[in-house]
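Below is work21.cif, which holds mmCIF, C-alpha atoms.
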```cif
data_model
loop_
_atom_site.label_atom_id
_atom_site.label_comp_id
_atom_site.auth_asym_id
_atom_site.auth_seq_id
_atom_site.Cartn_x
_atom_site.Cartn_y
_atom_site.Cartn_z
CA MET A 1494 -80.18 -39.78 46.52
CA SER A 1495 -83.47 -38.93 44.84
CA ALA A 1496 -84.86 -35.43 44.95
CA SER A 1497 -88.22 -36.67 46.14
CA GLY A 1498 -87.15 -38.50 49.22
CA GLY A 1499 -83.43 -38.90 49.70
CA ALA A 1500 -83.40 -42.62 48.92
CA SER A 1501 -80.38 -44.07 47.17
CA SER A 1502 -80.67 -45.01 43.51
CA LYS A 1503 -80.11 -48.64 44.49
CA ASP A 1504 -83.47 -48.55 46.27
CA GLU A 1505 -85.36 -47.50 43.15
CA ILE A 1506 -87.39 -50.14 41.38
CA SER A 1507 -87.47 -50.26 37.58
CA SER A 1508 -90.80 -50.07 35.81
CA SER A 1509 -90.09 -53.25 33.85
CA ARG A 1510 -89.53 -55.25 37.01
CA ARG A 1511 -92.37 -53.60 38.90
CA SER A 1512 -94.73 -54.84 36.19
CA SER A 1513 -93.66 -58.40 36.95
CA LEU A 1514 -95.30 -58.08 40.35
CA SER A 1515 -98.64 -58.12 38.57
CA ALA A 1516 -98.02 -61.44 36.85
CA ASN A 1517 -99.96 -64.37 38.29
CA ARG A 1518 -97.60 -67.31 38.41
CA SER A 1519 -98.45 -69.38 41.45
CA PRO A 1520 -101.68 -70.55 43.07
CA SER A 1521 -99.94 -71.22 46.38
CA MET A 1522 -101.40 -69.17 49.21
CA VAL A 1523 -98.20 -68.37 51.04
CA LEU A 1524 -97.55 -64.82 52.17
CA GLY A 1525 -94.39 -64.09 50.22
CA PRO A 1526 -92.01 -65.15 47.45
CA ARG A 1527 -90.26 -68.52 47.54
CA VAL A 1528 -86.79 -69.49 46.35
CA SER A 1529 -88.17 -72.99 45.74
CA SER A 1530 -90.15 -71.59 42.81
CA VAL A 1531 -87.06 -70.33 41.00
CA LYS A 1532 -85.94 -72.31 37.97
CA ILE A 1533 -82.28 -73.11 38.61
CA ILE A 1534 -80.50 -73.50 35.29
CA ASN A 1535 -77.00 -72.41 36.22
CA PRO A 1536 -75.60 -69.92 38.75
CA THR A 1537 -75.01 -67.20 36.16
CA SER A 1538 -78.75 -67.16 35.43
CA LEU A 1539 -79.55 -66.31 39.04
CA PHE A 1540 -77.20 -63.77 40.58
CA VAL A 1541 -75.22 -60.59 39.96
CA PRO A 1542 -72.29 -61.15 42.35
CA SER A 1543 -70.76 -57.71 41.77
CA LYS A 1544 -73.84 -56.12 43.35
CA LEU A 1545 -73.76 -58.16 46.55
CA THR A 1546 -73.01 -56.52 49.90
CA SER A 1547 -72.01 -59.87 51.42
CA GLU A 1548 -68.53 -60.33 52.89
CA VAL A 1549 -68.67 -64.01 51.93
CA PHE A 1550 -70.01 -64.02 48.38
CA SER A 1551 -68.53 -61.92 45.59
CA THR A 1552 -67.44 -62.07 41.97
CA GLU A 1553 -64.51 -64.25 43.08
CA ASN A 1554 -66.75 -66.46 45.23
CA PRO A 1555 -70.23 -66.23 43.69
CA PRO A 1556 -73.33 -67.78 45.27
CA LEU A 1557 -74.16 -71.10 43.68
CA ASP A 1558 -77.73 -72.12 44.35
CA TRP A 1559 -80.82 -72.14 46.57
CA ALA A 1560 -78.77 -72.80 49.71
CA ASP A 1561 -76.85 -69.56 49.25
CA ALA A 1562 -79.85 -67.58 48.03
CA GLY A 1563 -81.98 -68.58 51.01
CA LEU A 1564 -79.76 -66.56 53.34
CA LEU A 1565 -78.89 -63.80 50.92
CA ILE A 1566 -82.53 -62.86 50.35
CA PRO A 1567 -83.10 -61.48 53.89
CA HIS A 1568 -79.44 -60.62 54.55
CA GLU A 1569 -79.01 -58.39 51.50
CA ALA A 1570 -82.13 -56.45 52.48
CA ILE A 1571 -80.93 -56.03 56.07
CA ARG A 1572 -77.43 -54.91 55.06
CA ARG A 1573 -78.78 -52.32 52.63
CA GLN A 1574 -81.15 -50.91 55.23
CA MET A 1575 -78.32 -50.76 57.76
CA ALA A 1576 -76.09 -48.91 55.31
CA MET A 1577 -78.74 -46.23 54.87
CA MET A 1578 -79.32 -46.12 58.64
CA LEU A 1579 -75.63 -45.49 59.22
CA GLN A 1580 -75.65 -42.76 56.57
CA SER A 1581 -78.54 -41.03 58.34
CA VAL A 1582 -76.92 -41.24 61.77
CA ASN A 1583 -73.67 -39.83 60.39
CA ALA A 1584 -75.66 -36.93 58.90
CA MET A 1585 -77.15 -35.96 62.29
CA SER A 1586 -75.79 -32.75 63.80
CA ASP A 1587 -74.04 -33.18 67.14
CA SER A 1588 -76.09 -30.23 68.40
CA PRO A 1589 -79.36 -30.46 66.46
CA GLU A 1590 -81.47 -27.33 66.20
CA ASP A 1591 -85.12 -27.43 67.19
CA LYS A 1592 -86.17 -26.44 63.68
CA GLU A 1593 -84.76 -29.75 62.44
CA ALA A 1594 -86.45 -31.88 65.09
CA TRP A 1595 -88.42 -33.60 62.32
CA LYS A 1596 -85.23 -35.23 61.07
CA LEU A 1597 -84.70 -37.04 64.34
CA THR A 1598 -88.34 -37.97 64.94
CA LEU A 1599 -88.92 -39.38 61.47
CA PHE A 1600 -85.73 -41.44 61.63
CA SER A 1601 -86.62 -42.71 65.11
CA LYS A 1602 -90.10 -43.75 64.03
CA TRP A 1603 -88.61 -45.60 61.05
CA TYR A 1604 -86.17 -47.47 63.25
CA ILE A 1605 -88.79 -48.54 65.80
CA GLU A 1606 -91.60 -49.33 63.38
CA TYR A 1607 -89.62 -50.89 60.54
CA LEU A 1608 -85.99 -51.88 61.05
CA TYR A 1609 -86.33 -53.03 64.65
CA GLU A 1610 -89.50 -55.01 63.94
CA SER A 1611 -88.13 -56.58 60.74
CA VAL A 1612 -84.79 -57.67 62.18
CA HIS A 1613 -86.38 -58.86 65.42
CA GLU A 1614 -88.84 -61.02 63.47
CA HIS A 1615 -86.02 -62.34 61.28
CA HIS A 1616 -83.97 -63.44 64.27
CA ASP A 1617 -87.01 -64.88 66.06
CA ALA A 1618 -87.74 -66.96 62.96
CA GLU A 1619 -84.18 -68.30 62.96
CA GLU A 1620 -84.18 -69.07 66.68
CA LYS A 1621 -87.67 -70.57 66.93
CA ILE A 1622 -88.19 -72.19 63.51
CA TYR A 1623 -85.20 -72.35 61.17
CA PHE A 1624 -82.35 -73.47 63.44
CA PRO A 1625 -84.51 -75.99 65.38
CA TRP A 1626 -85.48 -77.45 61.99
CA MET A 1627 -81.83 -77.68 60.94
CA ILE A 1628 -80.71 -79.51 64.08
CA THR A 1629 -83.16 -82.31 63.36
CA LYS A 1630 -80.62 -83.53 60.79
CA THR A 1631 -77.33 -81.78 61.47
CA THR A 1632 -75.25 -79.95 64.04
CA ILE A 1633 -74.86 -76.20 63.85
CA PRO A 1634 -72.95 -73.77 66.09
CA GLU A 1635 -76.22 -73.14 67.89
CA LYS A 1636 -74.71 -71.72 71.07
CA GLU A 1637 -72.51 -69.32 69.13
CA PHE A 1638 -75.36 -68.16 66.92
CA GLY A 1639 -77.70 -67.95 69.91
CA GLN A 1640 -75.34 -65.78 71.93
CA SER A 1641 -74.79 -63.57 68.91
CA HIS A 1642 -78.54 -63.15 68.49
CA GLU A 1643 -78.95 -62.27 72.15
CA GLU A 1644 -76.25 -59.61 72.02
CA LEU A 1645 -77.56 -58.12 68.79
CA MET A 1646 -81.11 -57.92 70.07
CA SER A 1647 -79.86 -56.24 73.23
CA ALA A 1648 -78.02 -53.64 71.14
CA MET A 1649 -81.10 -53.06 69.02
CA ALA A 1650 -83.21 -52.61 72.14
CA GLU A 1651 -80.81 -49.93 73.40
CA ILE A 1652 -81.06 -48.06 70.11
CA LYS A 1653 -84.84 -48.44 70.21
CA GLN A 1654 -84.95 -46.91 73.68
CA CYS A 1655 -82.88 -43.98 72.46
CA CYS A 1656 -85.24 -43.46 69.53
CA ALA A 1657 -88.25 -43.66 71.86
CA GLU A 1658 -86.74 -40.87 73.96
CA ILE A 1659 -86.30 -38.73 70.84
CA ILE A 1660 -89.94 -39.25 69.87
CA LYS A 1661 -91.11 -38.44 73.40
CA LYS A 1662 -89.16 -35.16 73.29
CA GLY A 1663 -90.46 -34.31 69.84
CA GLY A 1664 -86.91 -34.32 68.52
CA LYS A 1665 -85.97 -31.23 70.54
CA GLY A 1666 -83.07 -31.02 72.97
CA CYS A 1667 -81.79 -34.42 71.88
CA SER A 1668 -78.03 -33.88 71.79
CA ALA A 1669 -77.50 -36.69 74.31
CA GLN A 1670 -79.63 -39.10 72.30
CA VAL A 1671 -77.82 -38.21 69.07
CA ALA A 1672 -74.50 -38.88 70.80
CA THR A 1673 -75.82 -42.28 71.88
CA LEU A 1674 -76.93 -43.11 68.34
CA LYS A 1675 -73.55 -42.08 66.94
CA GLU A 1676 -71.89 -44.41 69.45
CA LYS A 1677 -74.17 -47.44 69.24
CA VAL A 1678 -75.34 -47.58 65.61
CA PRO A 1679 -71.88 -47.97 64.01
CA LYS A 1680 -70.99 -50.73 66.48
CA PHE A 1681 -74.29 -52.48 65.84
CA ASP A 1682 -73.67 -52.25 62.09
CA VAL A 1683 -70.25 -53.91 62.46
CA ASP A 1684 -71.54 -56.62 64.81
CA MET A 1685 -74.58 -57.40 62.66
CA ARG A 1686 -72.49 -57.70 59.51
CA ALA A 1687 -70.12 -60.07 61.31
CA HIS A 1688 -73.09 -62.16 62.42
CA LEU A 1689 -74.57 -62.34 58.93
CA LYS A 1690 -71.15 -63.27 57.56
CA GLU A 1691 -70.87 -66.10 60.08
CA GLU A 1692 -74.21 -67.53 59.00
CA GLU A 1693 -73.36 -67.24 55.30
CA GLU A 1694 -70.08 -69.07 55.88
CA THR A 1695 -71.71 -71.92 57.80
CA VAL A 1696 -75.35 -72.58 56.93
CA PRO A 1697 -75.41 -73.14 53.13
CA ALA A 1698 -73.05 -76.14 53.20
CA LEU A 1699 -75.10 -77.74 55.97
CA LEU A 1700 -78.27 -77.24 53.96
CA ARG A 1701 -76.82 -78.89 50.85
CA GLU A 1702 -75.49 -81.85 52.80
CA ASN A 1703 -78.63 -82.57 54.81
CA PHE A 1704 -81.73 -81.11 53.16
CA THR A 1705 -83.39 -80.77 49.78
CA HIS A 1706 -84.43 -77.56 48.09
CA GLU A 1707 -88.07 -78.52 48.58
CA GLU A 1708 -87.63 -79.19 52.31
CA GLU A 1709 -86.05 -75.80 52.82
CA GLY A 1710 -88.88 -74.21 50.86
CA GLN A 1711 -91.43 -75.74 53.21
CA ILE A 1712 -89.76 -74.33 56.32
CA VAL A 1713 -89.51 -70.89 54.70
CA GLU A 1714 -93.25 -71.01 54.00
CA GLN A 1715 -93.79 -71.75 57.69
CA ILE A 1716 -91.72 -68.68 58.57
CA LEU A 1717 -93.70 -66.51 56.16
CA GLN A 1718 -96.97 -67.71 57.66
CA ALA A 1719 -95.71 -66.97 61.17
CA GLY A 1720 -94.73 -63.42 60.18
CA GLY A 1721 -98.11 -62.70 58.62
CA LEU A 1722 -99.15 -59.73 56.53
CA GLY A 1723 -97.71 -57.27 59.04
CA LEU A 1724 -94.16 -58.48 58.46
CA ALA A 1725 -94.77 -58.73 54.71
CA LYS A 1726 -95.76 -55.07 54.71
CA LYS A 1727 -92.67 -53.96 56.62
CA PHE A 1728 -89.93 -56.23 55.28
CA LEU A 1729 -90.97 -57.63 51.88
CA PRO A 1730 -90.49 -54.30 50.05
CA ALA A 1731 -86.92 -54.09 51.34
CA VAL A 1732 -86.31 -57.67 50.18
CA LEU A 1733 -87.67 -56.97 46.70
CA LEU A 1734 -85.77 -53.71 46.28
CA ALA A 1735 -82.54 -55.41 47.32
CA ALA A 1736 -83.21 -58.32 44.96
CA GLN A 1737 -83.51 -55.75 42.17
CA GLU A 1738 -79.78 -55.24 42.58
CA TRP A 1739 -78.21 -58.62 43.20
CA THR A 1740 -80.39 -61.04 41.21
CA THR A 1741 -80.85 -61.43 37.47
CA ASP A 1742 -84.07 -60.59 35.68
CA ALA A 1743 -84.85 -64.30 35.32
CA PHE A 1744 -84.44 -64.99 39.04
CA TYR A 1745 -86.42 -61.91 40.01
CA ALA A 1746 -89.30 -62.72 37.68
CA ASP A 1747 -89.69 -66.22 39.11
CA PHE A 1748 -89.15 -64.99 42.66
CA VAL A 1749 -91.90 -62.36 42.62
CA GLY A 1750 -94.00 -64.64 40.46
CA SER A 1751 -94.33 -67.01 43.41
CA ILE A 1752 -96.23 -64.41 45.45
CA PRO A 1753 -99.95 -65.30 45.54
CA PRO A 1754 -102.12 -62.86 43.53
CA PRO A 1755 -103.90 -61.30 46.55
CA ILE A 1756 -100.57 -60.57 48.23
CA LYS A 1757 -99.10 -59.30 44.95
CA HIS A 1758 -101.92 -56.81 44.76
CA LEU A 1759 -101.12 -55.48 48.23
CA VAL A 1760 -97.40 -55.35 47.43
CA ASP A 1761 -97.87 -53.63 44.08
CA LYS A 1762 -100.58 -51.15 45.08
CA TYR A 1763 -99.77 -50.43 48.73
CA PHE A 1764 -96.65 -51.95 50.31
CA LEU A 1765 -94.04 -50.95 47.72
CA PRO A 1766 -95.38 -47.45 47.00
CA ASP A 1767 -95.64 -46.68 50.72
CA PHE A 1768 -92.16 -48.07 51.34
CA GLU A 1769 -90.63 -45.93 48.61
CA ASN A 1770 -92.63 -42.75 49.26
CA VAL A 1771 -92.90 -42.83 53.05
CA VAL A 1772 -90.73 -45.42 54.79
CA MET A 1773 -87.49 -44.70 52.92
CA ILE A 1774 -88.00 -40.96 53.40
CA MET A 1775 -88.43 -41.46 57.15
CA ARG A 1776 -85.21 -43.48 57.18
CA ASP A 1777 -83.31 -40.87 55.19
CA ALA A 1778 -84.77 -37.82 56.95
CA PRO A 1779 -81.49 -36.69 58.59
CA THR A 1780 -79.94 -36.35 55.12
CA LEU A 1781 -82.74 -34.15 53.71
CA ALA A 1782 -82.60 -30.37 53.37
CA SER A 1783 -86.30 -29.71 53.95
CA GLU A 1784 -89.12 -31.45 55.77
CA PRO A 1785 -90.97 -33.84 53.44
CA LYS A 1786 -94.70 -34.25 53.09
CA LEU A 1787 -95.34 -37.92 53.61
CA LYS A 1788 -98.31 -39.34 51.77
CA ARG A 1789 -99.34 -42.96 51.94
CA VAL A 1790 -101.53 -44.66 49.37
CA PRO A 1791 -105.11 -43.80 50.38
CA CYS A 1792 -107.51 -46.42 51.65
CA CYS A 1793 -109.68 -48.09 49.02
CA GLY A 1794 -112.73 -47.14 51.07
CA ILE A 1795 -114.28 -50.58 51.43
CA PRO A 1796 -115.07 -52.20 54.81
CA PHE A 1797 -112.31 -54.41 56.22
CA CYS A 1798 -109.70 -52.93 53.89
CA PHE A 1799 -106.56 -55.08 54.32
CA PRO A 1800 -104.00 -52.25 53.94
CA CYS A 1801 -105.79 -50.30 56.67
CA LEU A 1802 -106.19 -53.27 58.99
CA ILE A 1803 -102.48 -54.13 58.91
#
```

What would the structure in this file look like if it were written as structure tokens?
Amino acid sequence: MSASGGASSKDEISSSRRSSLSANRSPSMVLGPRVSSVKIINPTSLFVPSKLTSEVFSTENPPLDWADAGLLIPHEAIRRQMAMMLQSVNAMSDSPEDKEAWKLTLFSKWYIEYLYESVHEHHDAEEKIYFPWMITKTTIPEKEFGQSHEELMSAMAEIKQCCAEIIKKGGKGCSAQVATLKEKVPKFDVDMRAHLKEEEETVPALLRENFTHEEEGQIVEQILQAGGLGLAKKFLPAVLLAAQEWTTDAFYADFVGSIPPPIKHLVDKYFLPDFENVVMIMRDAPTLASEPKLKRVPCCGIPFCFPCLI
């Protein structure tokens, strides 16, 4: 945990890799990085299996290629954010004092504004774009995945409602809400991990058997376009920070190199700094000893400033 904000060391981005965000590698005007841009030489040039949080892939069963990476990219980010969420909920006092109301309100705002939105968009993309695309050529356990999505989104909505109540009360007198979080968040964490495991066990083989790397890249671009800059701002930093851990330098350089220059500028100058200095601190607030002073990157001052508009 860093002294500045309580974020785990795994969330910290190295200066050498951060500089790669400034490299202009691709003219494509998509809104995020693409696995299809990565030069696949051999699996050992892509991944660091010992750093994965997956229950499917590991040192004994390492990911092999684009089909595995396509799921791991969002899943590793989600699992890492959930781990920190669980840590924060466990750190909450059963009978929180009013003087620590900020811990509950900051965490609740993070959950509603960032985790809930990111995971909801991820599952919407699977349900409305990715899985319908897959069933044009193959059969997937659509009903099983669909039911799992429905249950997970219902659980997330219940947690969101609890967080909304905390915010409405200014974090004071929230013992009942804390008890609800301590009950529902651990169960959600277990259920979500089981769901991600199920997808990682099933989807990659179907992709290899029925689609090309390029075809999968095209559907991912469609998902990125649908999410827009708003989702890129909220979820892309988590993806990049996770990739810092479980991918090699070569993979990471090509991965971030596929981000179009205008989006790279926003990521490098606004999205990542704000995520590290504000968003992660909100998430980790229940673990902090004193109330932090959150400071976002200031507006550039020009009309129609993109960071301000989104």

Looking at A:Pro1589, A:Pro1542, A:Pro1555, A:Gly1563, which one is nearest to Pro1779 (chain A), with distances taken over only C-alpha atoms?
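Smallest separation from Pro1779 (chain A) among the options: A:Pro1589.
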
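Using all atoms listed in the file, the smallest distance between any of A:Arg1776, A:Lys1544, A:Lys1621, A:Lys1788 and Leu1608 (chain A) comes from A:Arg1776.
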
Hey, can you check how far CA of Gln1737 (chain A) sits from CA of Tyr1623 (chain A)?
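According to the coordinates, CA of Gln1737 (chain A) and CA of Tyr1623 (chain A) are separated by 25.3 Å.
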
Step by step, work through what the PyMOL selection byres ((chain A and resi 1601) around 12) selects in the shown file, and finish by giving those residues as a ChimeraX atom specification.
/A:1578,1581-1582,1585,1594-1600,1602-1609,1652-1664,1667,1670-1671,1674,1772,1774-1779

Nearest residue to Ala1735 (chain A) out of A:Met1577, A:Ile1566, A:Leu1557, A:Glu1610, using all atoms listed in the file?
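Ranked by minimum distance to Ala1735 (chain A), first place goes to A:Ile1566.
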
A:Ser1543, A:Asn1554, A:Ser1783, A:Gln1580 ranked by distance to Val1678 (chain A), top pick (using only C-alpha atoms)
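Smallest separation from Val1678 (chain A) among the options: A:Gln1580.
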
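For Ala1719 (chain A), the residues within 12 Å (counting only C-alpha atoms, excluding itself and residues fewer than 5 positions away along the chain) are Val1523, Leu1524, Gly1525, Glu1614, His1615, Asp1617, Ala1618, Glu1619, Lys1621, Ile1622, Tyr1623, Ile1712, Val1713, Glu1714, Leu1724 and Ala1725 of chain A.
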
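The space between CA of Ser1641 (chain A) and CA of Glu1694 (chain A) spans 14.9 Å.
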
Evaluating the PyMOL selection byres ((chain A and resi 1642-1648) around 9) on the displayed file yields which residues, as a ChimeraX atom specification?
/A:1609,1612-1613,1616-1617,1620,1637-1641,1649-1653,1677-1678,1680-1681,1684-1685,1688

Of the residues A:Lys1665, A:His1758, A:Lys1690, A:Arg1572, which is the one nearest to Phe1550 (chain A), using all atoms listed in the file?
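Of A:Lys1665, A:His1758, A:Lys1690, A:Arg1572, the one nearest Phe1550 (chain A) is A:Lys1690, counting all atoms listed in the file.
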
Find the residues near Phe1540 (chain A): any atom within 6 Å, counting only C-alpha atoms, skip ones fewer than 5 places away on the same chain, and give them as a PyMOL selection string.
chain A and resi 1739-1741

With all atoms listed in the file as the atoms that count, which of A:Met1575, A:Leu1759, A:Val1732, A:Leu1787 lies nearest to Arg1686 (chain A)?
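When distances to Arg1686 (chain A) are compared using all atoms listed in the file, the smallest one comes from A:Met1575.
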
Padding 8 Å on each side, edges along x, y and z: where is the centre of the box around the listed atoms of region 1726-1730 of chain A, and how long are its edges in Å to one decimal? Output it as JSON.
```
{"center_x": -92.8, "center_y": -55.8, "center_z": 53.3, "size_x": 21.8, "size_y": 19.7, "size_z": 22.6}
```

Taking the file as shown, find all residues satisfying the PyMOL selection byres ((chain A and resi 1632) around 12) and write them as number ranges by chain.
A: 1624-1631, 1633-1636, 1695-1696, 1698-1700, 1702-1703

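Using only C-alpha atoms, the set of residues no farther than 9 Å from the position (-86.4, -51.8, 51.7) comprises Asp1504, Ala1570, Ile1571, Arg1573, Gln1574, Lys1727, Phe1728, Leu1729, Pro1730, Ala1731, Val1732, Leu1733, Leu1734, Ala1735, Leu1765, Phe1768, Glu1769, Val1772 and Met1773 of chain A.
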
Which distance in Å separates CA of Phe1748 (chain A) and CA of Pro1791 (chain A), to one decimal?
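Result for CA of Phe1748 (chain A) versus CA of Pro1791 (chain A): 27.6 Å, one decimal.
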
Could region 1726-1756 of chain A be completed with N, CA and C atoms and written as a short mmCIF file (atom, residue, chain, number, x, y, z; two decimals), keeping the file's coordinate frame, please?
```
data_model
loop_
_atom_site.label_atom_id
_atom_site.label_comp_id
_atom_site.auth_asym_id
_atom_site.auth_seq_id
_atom_site.Cartn_x
_atom_site.Cartn_y
_atom_site.Cartn_z
N LYS A 1726 -95.64 -56.49 54.99
CA LYS A 1726 -95.76 -55.07 54.71
C LYS A 1726 -94.48 -54.33 55.05
N LYS A 1727 -93.83 -54.71 56.14
CA LYS A 1727 -92.67 -53.96 56.62
C LYS A 1727 -91.36 -54.41 56.00
N PHE A 1728 -91.23 -55.71 55.69
CA PHE A 1728 -89.93 -56.23 55.28
C PHE A 1728 -89.87 -56.66 53.82
N LEU A 1729 -90.99 -57.14 53.26
CA LEU A 1729 -90.97 -57.63 51.88
C LEU A 1729 -90.54 -56.56 50.88
N PRO A 1730 -90.99 -55.30 51.00
CA PRO A 1730 -90.49 -54.30 50.05
C PRO A 1730 -88.98 -54.15 50.07
N ALA A 1731 -88.38 -54.20 51.25
CA ALA A 1731 -86.92 -54.09 51.34
C ALA A 1731 -86.25 -55.28 50.67
N VAL A 1732 -86.84 -56.46 50.82
CA VAL A 1732 -86.31 -57.67 50.18
C VAL A 1732 -86.37 -57.54 48.66
N LEU A 1733 -87.50 -57.08 48.15
CA LEU A 1733 -87.67 -56.97 46.70
C LEU A 1733 -86.76 -55.90 46.11
N LEU A 1734 -86.64 -54.77 46.79
CA LEU A 1734 -85.77 -53.71 46.28
C LEU A 1734 -84.31 -54.14 46.28
N ALA A 1735 -83.91 -54.90 47.29
CA ALA A 1735 -82.54 -55.41 47.32
C ALA A 1735 -82.34 -56.42 46.20
N ALA A 1736 -83.33 -57.30 46.01
CA ALA A 1736 -83.21 -58.32 44.96
C ALA A 1736 -83.13 -57.69 43.57
N GLN A 1737 -83.66 -56.48 43.43
CA GLN A 1737 -83.51 -55.75 42.17
C GLN A 1737 -82.04 -55.62 41.80
N GLU A 1738 -81.20 -55.51 42.81
CA GLU A 1738 -79.78 -55.24 42.58
C GLU A 1738 -78.96 -56.50 42.36
N TRP A 1739 -79.17 -57.51 43.19
CA TRP A 1739 -78.21 -58.62 43.20
C TRP A 1739 -78.69 -59.89 42.51
N THR A 1740 -79.92 -59.88 41.97
CA THR A 1740 -80.39 -61.04 41.21
C THR A 1740 -80.60 -60.66 39.75
N THR A 1741 -80.60 -61.67 38.90
CA THR A 1741 -80.85 -61.43 37.47
C THR A 1741 -82.34 -61.24 37.23
N ASP A 1742 -82.67 -60.77 36.04
CA ASP A 1742 -84.07 -60.59 35.68
C ASP A 1742 -84.84 -61.91 35.75
N ALA A 1743 -84.18 -63.00 35.33
CA ALA A 1743 -84.85 -64.30 35.32
C ALA A 1743 -85.18 -64.75 36.74
N PHE A 1744 -84.21 -64.62 37.64
CA PHE A 1744 -84.44 -64.99 39.04
C PHE A 1744 -85.55 -64.13 39.62
N TYR A 1745 -85.46 -62.83 39.41
CA TYR A 1745 -86.42 -61.91 40.01
C TYR A 1745 -87.84 -62.19 39.52
N ALA A 1746 -87.97 -62.46 38.23
CA ALA A 1746 -89.30 -62.72 37.68
C ALA A 1746 -89.93 -63.95 38.32
N ASP A 1747 -89.16 -65.02 38.47
CA ASP A 1747 -89.69 -66.22 39.11
C ASP A 1747 -89.93 -66.00 40.60
N PHE A 1748 -89.05 -65.24 41.22
CA PHE A 1748 -89.15 -64.99 42.66
C PHE A 1748 -90.44 -64.24 42.99
N VAL A 1749 -90.67 -63.11 42.34
CA VAL A 1749 -91.90 -62.36 42.62
C VAL A 1749 -93.12 -63.06 42.04
N GLY A 1750 -92.89 -63.90 41.03
CA GLY A 1750 -94.00 -64.64 40.46
C GLY A 1750 -94.58 -65.67 41.40
N SER A 1751 -93.84 -66.02 42.45
CA SER A 1751 -94.33 -67.01 43.41
C SER A 1751 -95.22 -66.39 44.48
N ILE A 1752 -95.35 -65.06 44.48
CA ILE A 1752 -96.23 -64.41 45.45
C ILE A 1752 -97.68 -64.62 45.03
N PRO A 1753 -98.54 -65.09 45.90
CA PRO A 1753 -99.95 -65.30 45.54
C PRO A 1753 -100.59 -64.00 45.06
N PRO A 1754 -101.51 -64.07 44.10
CA PRO A 1754 -102.12 -62.86 43.53
C PRO A 1754 -102.67 -61.87 44.55
N PRO A 1755 -103.39 -62.30 45.60
CA PRO A 1755 -103.90 -61.30 46.55
C PRO A 1755 -102.79 -60.53 47.25
N ILE A 1756 -101.69 -61.23 47.57
CA ILE A 1756 -100.57 -60.57 48.23
C ILE A 1756 -99.83 -59.68 47.24
#
```
